[in-house]
Amino acid sequence: MAFFPDVPKISYEGPESKNPLAFRHYNPEEVVEGKTMREHLRFAVCYWHTFRGMGGDPFGPGCAIRPWEDGTDSLDMALKRVDVAFEFMEKLGVPYYCWHDRDIAPEGANLAETNKNLDIVARRLKEQQQRTGIKLLWGTANLFSHRRFVHGASTSCNADVFAYAAAQVKKALEVTQELGGENYVFWGGREGYVTWLNTDMKRELDHFAKFLHMAVEYKKKIGFTGTFLIEPKPHEPTSHQYDFDCANALAFLRGYGLEKEFRFNVETNHATLAKHTMVHELMYASIHGMLGSIDANRGDLLLGWDTDQFPTDLYLTTQIMLIVLNQNGLGRGGLNFDAKVRRESFEPVDLFHAHIGGMDAFAHGLKIAAAIRKDGLLADFIRQRYASWDSGIGAQIENGHVTFEDLEAYILQKGDAAPNVSGRQEMLENIFNRYFR
Ligand code: XLS
Ligand code: NI
Ligand code: NI
C-alpha cells in the first residue's frame, strides 16, 4: 500500500538539480574526511512530530492532511502508522528513527494494557526494521502528556507518580533494547517547577537523581549497551526546567555521581531558549566529552518558544558539523530531526520537503566544515591567539606549580603585561564567509 503515491524514492541529483524532491548535497555514499556522509550524519526521523503532529498551535487545532489517519488513537491505527512511517523513511533514505513510547502505541486502561499495546506495536516496528534496515537511534518515554504528570514525573510531589514513571521508563528501556536502540534519551518533560510557593526544590532534585540512578542500575541489569542521553532545556513547559543547559546538567550529574553514565543530546532550539548559541552548547558538551547526540532543529528569532523548525540555515549546520568533526563524530549518536513542518505546510509532501531540506543543509554544512578544517586558517588563528601559553610564563602556569608570589615577581620585573593583539572578529567573519559559495 502506498501512502505517498506521488513521491518517488528521493535520490541524489547534485547541486545543479532543480528537482525539489531530490538531494542536491546529501549523497550517502560520498566520502568526506574518510567516512561516507551516511556515517557522518546518521540522520533520524522523529516519530512524534512527523507521524503524530497535526499542526495544532495554541490558537487552533491541527489542520494537517494525513489521509491515512482515521482520527483515533487505536491500536489498529498505531500499526498502520508504522507502515506509513517506514514507507516515508524508506523513500527518504534515512538510516534511523526515534520515538517516545506513547508516540508509537496508545495508552490502555491500565499499565498492563498499555505495556501490551507497546509490545504489539514494537513487534511491527521490528519487522519493518528488519525489512528495511532502518534502525532505532533512540527511544524515550513520554512522561509529560498524561494528566498524571501534571506536577512532573520523577520530580512530582506525588510518590505514586514517581513509581509510575519508573515503571514506564523500565518498559521503554526494554523495548528500546528489543529494537536494538543505540541510545536512550531522558528529556525532563515536566521535571522542574512553576512557582517556589509550592516547591521543595531540594527534595525534587534528590528524587530526580535517585530516578536516574535506578535507571542506570536497571540498564546494567538487563545489559542494555546503548548510551544514556540527557537532553537539556531551560524552560517550557515549566518556568524552571531542572536540566537547564549543558553546564547546569553536568553540575547536576556530577553532584550526584552520575556523570560517567550519561552524555547529552543537545537540541538547537533548547540552546537558543537558554540564550546560548548552539555552538556554545555543543562546544561546552564536547570539551567535557559529553556530546552524545543532536536534536537538529532551529527556533524562530521572533518567537520565544520551542518552534522546532527544520534546520536549513547553512551557517548553523556548518558550525554544528565543525564541532562534530572536531570531536571525530558523534559515535552512537546522530542527527535527529526533532522538527515539525509549519502549520501552514499541511500536505503530506511537505514532510518530504522539510526533511530533504534539513538533510541537504547538513550535508552541505559537512562539506563546508571539512573545507574549513582542510584550510586550517580558523584553527590556526585560535592556536596563534593563545601562543603566549606555549612557552615562557604561560607554559609554566599551565604545566608547573606557579604561585601568586611567582607571578607578582614576574610582573614586577617586567613592569607591565605584554601588549594585547586585536581579536580580529570581522576579519574572521569574512574568512568564514569565504567558504560559502
Ligand atoms: C521537547 C523535546 C522532546 C525530546 C524527546 O522539547 O525536544 O521532543 O527530544 O522527549
Ligand atoms: Ni528534542
Ligand atoms: Ni525540543
# chains A, B, ... in the order shown; residues from 1 in each chain; ligands from 1

$ residues_near_ligand --ligand "ligand 1" --cutoff "7 Å" --atoms "only C-alpha atoms and all ligand atoms" --output "list of chain:residue names"
A:His100, A:Thr140, A:Asn142, A:Val185, A:Phe186, A:Trp187, A:Gly189, A:Glu231, A:Glu267, A:Asp295, A:Asp306, A:Asp338

$ write_last_selection --atoms "C-alpha atoms" --output "PDB file, in the first residue's frame"
ATOM      1  CA  HIS A 100       8.515   8.216  22.644  1.00  0.00           C
ATOM      2  CA  THR A 140      12.353   7.584  25.229  1.00  0.00           C
ATOM      3  CA  ASN A 142       6.668  10.371  27.330  1.00  0.00           C
ATOM      4  CA  VAL A 185      17.035   9.703  25.940  1.00  0.00           C
ATOM      5  CA  PHE A 186      15.875  11.471  29.072  1.00  0.00           C
ATOM      6  CA  TRP A 187      14.265  14.801  28.367  1.00  0.00           C
ATOM      7  CA  GLY A 189       9.375  16.811  30.260  1.00  0.00           C
ATOM      8  CA  GLU A 231      18.501  16.463  26.756  1.00  0.00           C
ATOM      9  CA  GLU A 267      18.964  20.488  20.745  1.00  0.00           C
ATOM     10  CA  ASP A 295      18.350  17.126  18.078  1.00  0.00           C
ATOM     11  CA  ASP A 306      10.390  25.857  21.038  1.00  0.00           C
ATOM     12  CA  ASP A 338      13.226  16.973  16.296  1.00  0.00           C
TER      13      ASP A 338
END

$ residues_around --residues "Asn297 of chain A" --least-positions-apart "2" --cutoff "7 Å" --atoms "only C-alpha atoms" --output "compact mmCIF listing (two decimals) with all heavy atoms, in the first residue's frame"
# COMPACT_ATOMS: atom_id res chain seq x y z
N GLU A 267 19.95 20.03 21.73
CA GLU A 267 18.96 20.49 20.75
C GLU A 267 19.14 21.98 20.49
O GLU A 267 19.20 22.79 21.43
CB GLU A 267 17.55 20.19 21.26
CG GLU A 267 16.46 20.73 20.34
CD GLU A 267 15.10 20.13 20.64
OE1 GLU A 267 15.02 18.94 21.00
OE2 GLU A 267 14.10 20.87 20.51
N THR A 268 19.15 22.34 19.22
CA THR A 268 19.39 23.73 18.84
C THR A 268 18.40 24.70 19.48
O THR A 268 18.78 25.71 20.05
CB THR A 268 19.30 23.90 17.31
OG1 THR A 268 19.96 22.81 16.69
CG2 THR A 268 19.90 25.21 16.87
N ASN A 269 17.12 24.36 19.38
CA ASN A 269 16.11 25.30 19.87
C ASN A 269 16.13 25.41 21.40
O ASN A 269 15.76 26.42 21.97
CB ASN A 269 14.72 24.88 19.38
CG ASN A 269 13.74 26.04 19.26
OD1 ASN A 269 12.72 25.95 18.59
ND2 ASN A 269 14.03 27.18 19.90
N ASP A 295 19.70 16.93 18.61
CA ASP A 295 18.35 17.13 18.08
C ASP A 295 18.43 18.32 17.15
O ASP A 295 18.60 19.47 17.58
CB ASP A 295 17.33 17.35 19.21
CG ASP A 295 16.65 16.04 19.63
OD1 ASP A 295 17.10 14.97 19.16
OD2 ASP A 295 15.68 16.08 20.41
N ASP A 308 10.70 24.40 16.98
CA ASP A 308 11.11 23.15 16.33
C ASP A 308 11.03 23.20 14.81
O ASP A 308 10.38 22.36 14.18
CB ASP A 308 10.25 21.98 16.84
CG ASP A 308 10.57 21.61 18.28
OD1 ASP A 308 11.65 21.97 18.76
OD2 ASP A 308 9.72 20.95 18.92
N GLN A 309 11.66 24.20 14.23
CA GLN A 309 11.65 24.27 12.77
C GLN A 309 12.77 23.42 12.18
O GLN A 309 13.75 23.11 12.85
CB GLN A 309 11.81 25.73 12.33
CG GLN A 309 10.50 26.48 12.43
CD GLN A 309 10.66 27.97 12.40
OE1 GLN A 309 10.42 28.64 13.40
NE2 GLN A 309 11.06 28.50 11.27
N PHE A 310 12.59 23.08 10.93
CA PHE A 310 13.65 22.30 10.28
C PHE A 310 14.88 23.18 10.07
O PHE A 310 14.77 24.35 9.72
CB PHE A 310 13.15 21.71 8.96
CG PHE A 310 12.46 20.41 9.17
CD1 PHE A 310 11.12 20.38 9.55
CD2 PHE A 310 13.15 19.22 9.09
CE1 PHE A 310 10.49 19.17 9.80
CE2 PHE A 310 12.53 18.00 9.34
CZ PHE A 310 11.19 17.99 9.70
N PRO A 311 16.06 22.60 10.30
CA PRO A 311 17.29 23.38 10.18
C PRO A 311 17.71 23.51 8.72
O PRO A 311 18.07 22.54 8.08
CB PRO A 311 18.31 22.54 10.97
CG PRO A 311 17.81 21.15 10.86
CD PRO A 311 16.32 21.22 10.72
N PHE A 337 16.01 14.79 13.57
CA PHE A 337 15.20 15.95 13.23
C PHE A 337 14.03 16.08 14.19
O PHE A 337 12.91 15.64 13.91
CB PHE A 337 14.70 15.86 11.78
CG PHE A 337 15.81 16.05 10.79
CD1 PHE A 337 16.21 15.00 9.97
CD2 PHE A 337 16.49 17.25 10.70
CE1 PHE A 337 17.25 15.16 9.07
CE2 PHE A 337 17.54 17.42 9.80
CZ PHE A 337 17.92 16.37 8.99
N ASP A 338 14.31 16.68 15.35
CA ASP A 338 13.23 16.97 16.30
C ASP A 338 12.59 18.28 15.79
O ASP A 338 12.74 19.34 16.38
CB ASP A 338 13.79 17.12 17.71
CG ASP A 338 12.69 17.18 18.75
OD1 ASP A 338 11.51 17.27 18.35
OD2 ASP A 338 13.00 17.14 19.95
N ALA A 339 11.91 18.16 14.69
CA ALA A 339 11.43 19.33 13.96
C ALA A 339 10.10 19.02 13.31
O ALA A 339 9.81 17.88 12.98
CB ALA A 339 12.46 19.71 12.89

$ residues_around --residues "Pro237 of chain A" --least-positions-apart "5" --cutoff "9 Å" --atoms "only C-alpha atoms" --output "JSON, numbers by chain"
{"A": [189, 190, 192, 194]}

$ write_last_selection --atoms "N, CA, C and O atoms" --output "PDB file, in the first residue's frame"
ATOM      1  N   GLY A 189      10.729  16.305  30.547  1.00  0.00           N
ATOM      2  CA  GLY A 189       9.375  16.811  30.260  1.00  0.00           C
ATOM      3  C   GLY A 189       8.834  17.890  31.178  1.00  0.00           C
ATOM      4  O   GLY A 189       8.866  19.067  30.844  1.00  0.00           O
ATOM      5  N   ARG A 190       8.355  17.491  32.346  1.00  0.00           N
ATOM      6  CA  ARG A 190       7.876  18.496  33.302  1.00  0.00           C
ATOM      7  C   ARG A 190       8.702  18.458  34.582  1.00  0.00           C
ATOM      8  O   ARG A 190       8.206  18.801  35.654  1.00  0.00           O
ATOM      9  N   GLY A 192      10.688  20.095  36.736  1.00  0.00           N
ATOM     10  CA  GLY A 192      11.007  21.486  37.006  1.00  0.00           C
ATOM     11  C   GLY A 192       9.846  22.044  37.793  1.00  0.00           C
ATOM     12  O   GLY A 192       9.028  21.281  38.310  1.00  0.00           O
ATOM     13  N   VAL A 194       7.011  25.650  38.510  1.00  0.00           N
ATOM     14  CA  VAL A 194       6.492  26.927  38.050  1.00  0.00           C
ATOM     15  C   VAL A 194       6.537  27.961  39.168  1.00  0.00           C
ATOM     16  O   VAL A 194       6.865  29.109  38.937  1.00  0.00           O
TER      17      VAL A 194
END

$ closest_residue --among "A:Phe352, A:Trp305, A:Phe436, A:Phe211" --to "ligand 3" --atoms "only C-alpha atoms and all ligand atoms"
A:Trp305

$ select_by_dssp --residues "segment 159-270 of chain A" --states "strand (DSSP E)" --output "PyMOL selection string"
chain A and resi 183-187+192-193+227-231+240-241+262-267

$ residues_around --residues "Gly329 of chain A" --least-positions-apart "3" --cutoff "10 Å" --atoms "only C-alpha atoms" --output "list in words"
Glu39, His40, Leu41, Arg42, Leu291, Gly292, Ser293, Met321, Leu322, Ile323, Val324, Leu325, Asn326, Arg332, Gly333 and Gly334 of chain A
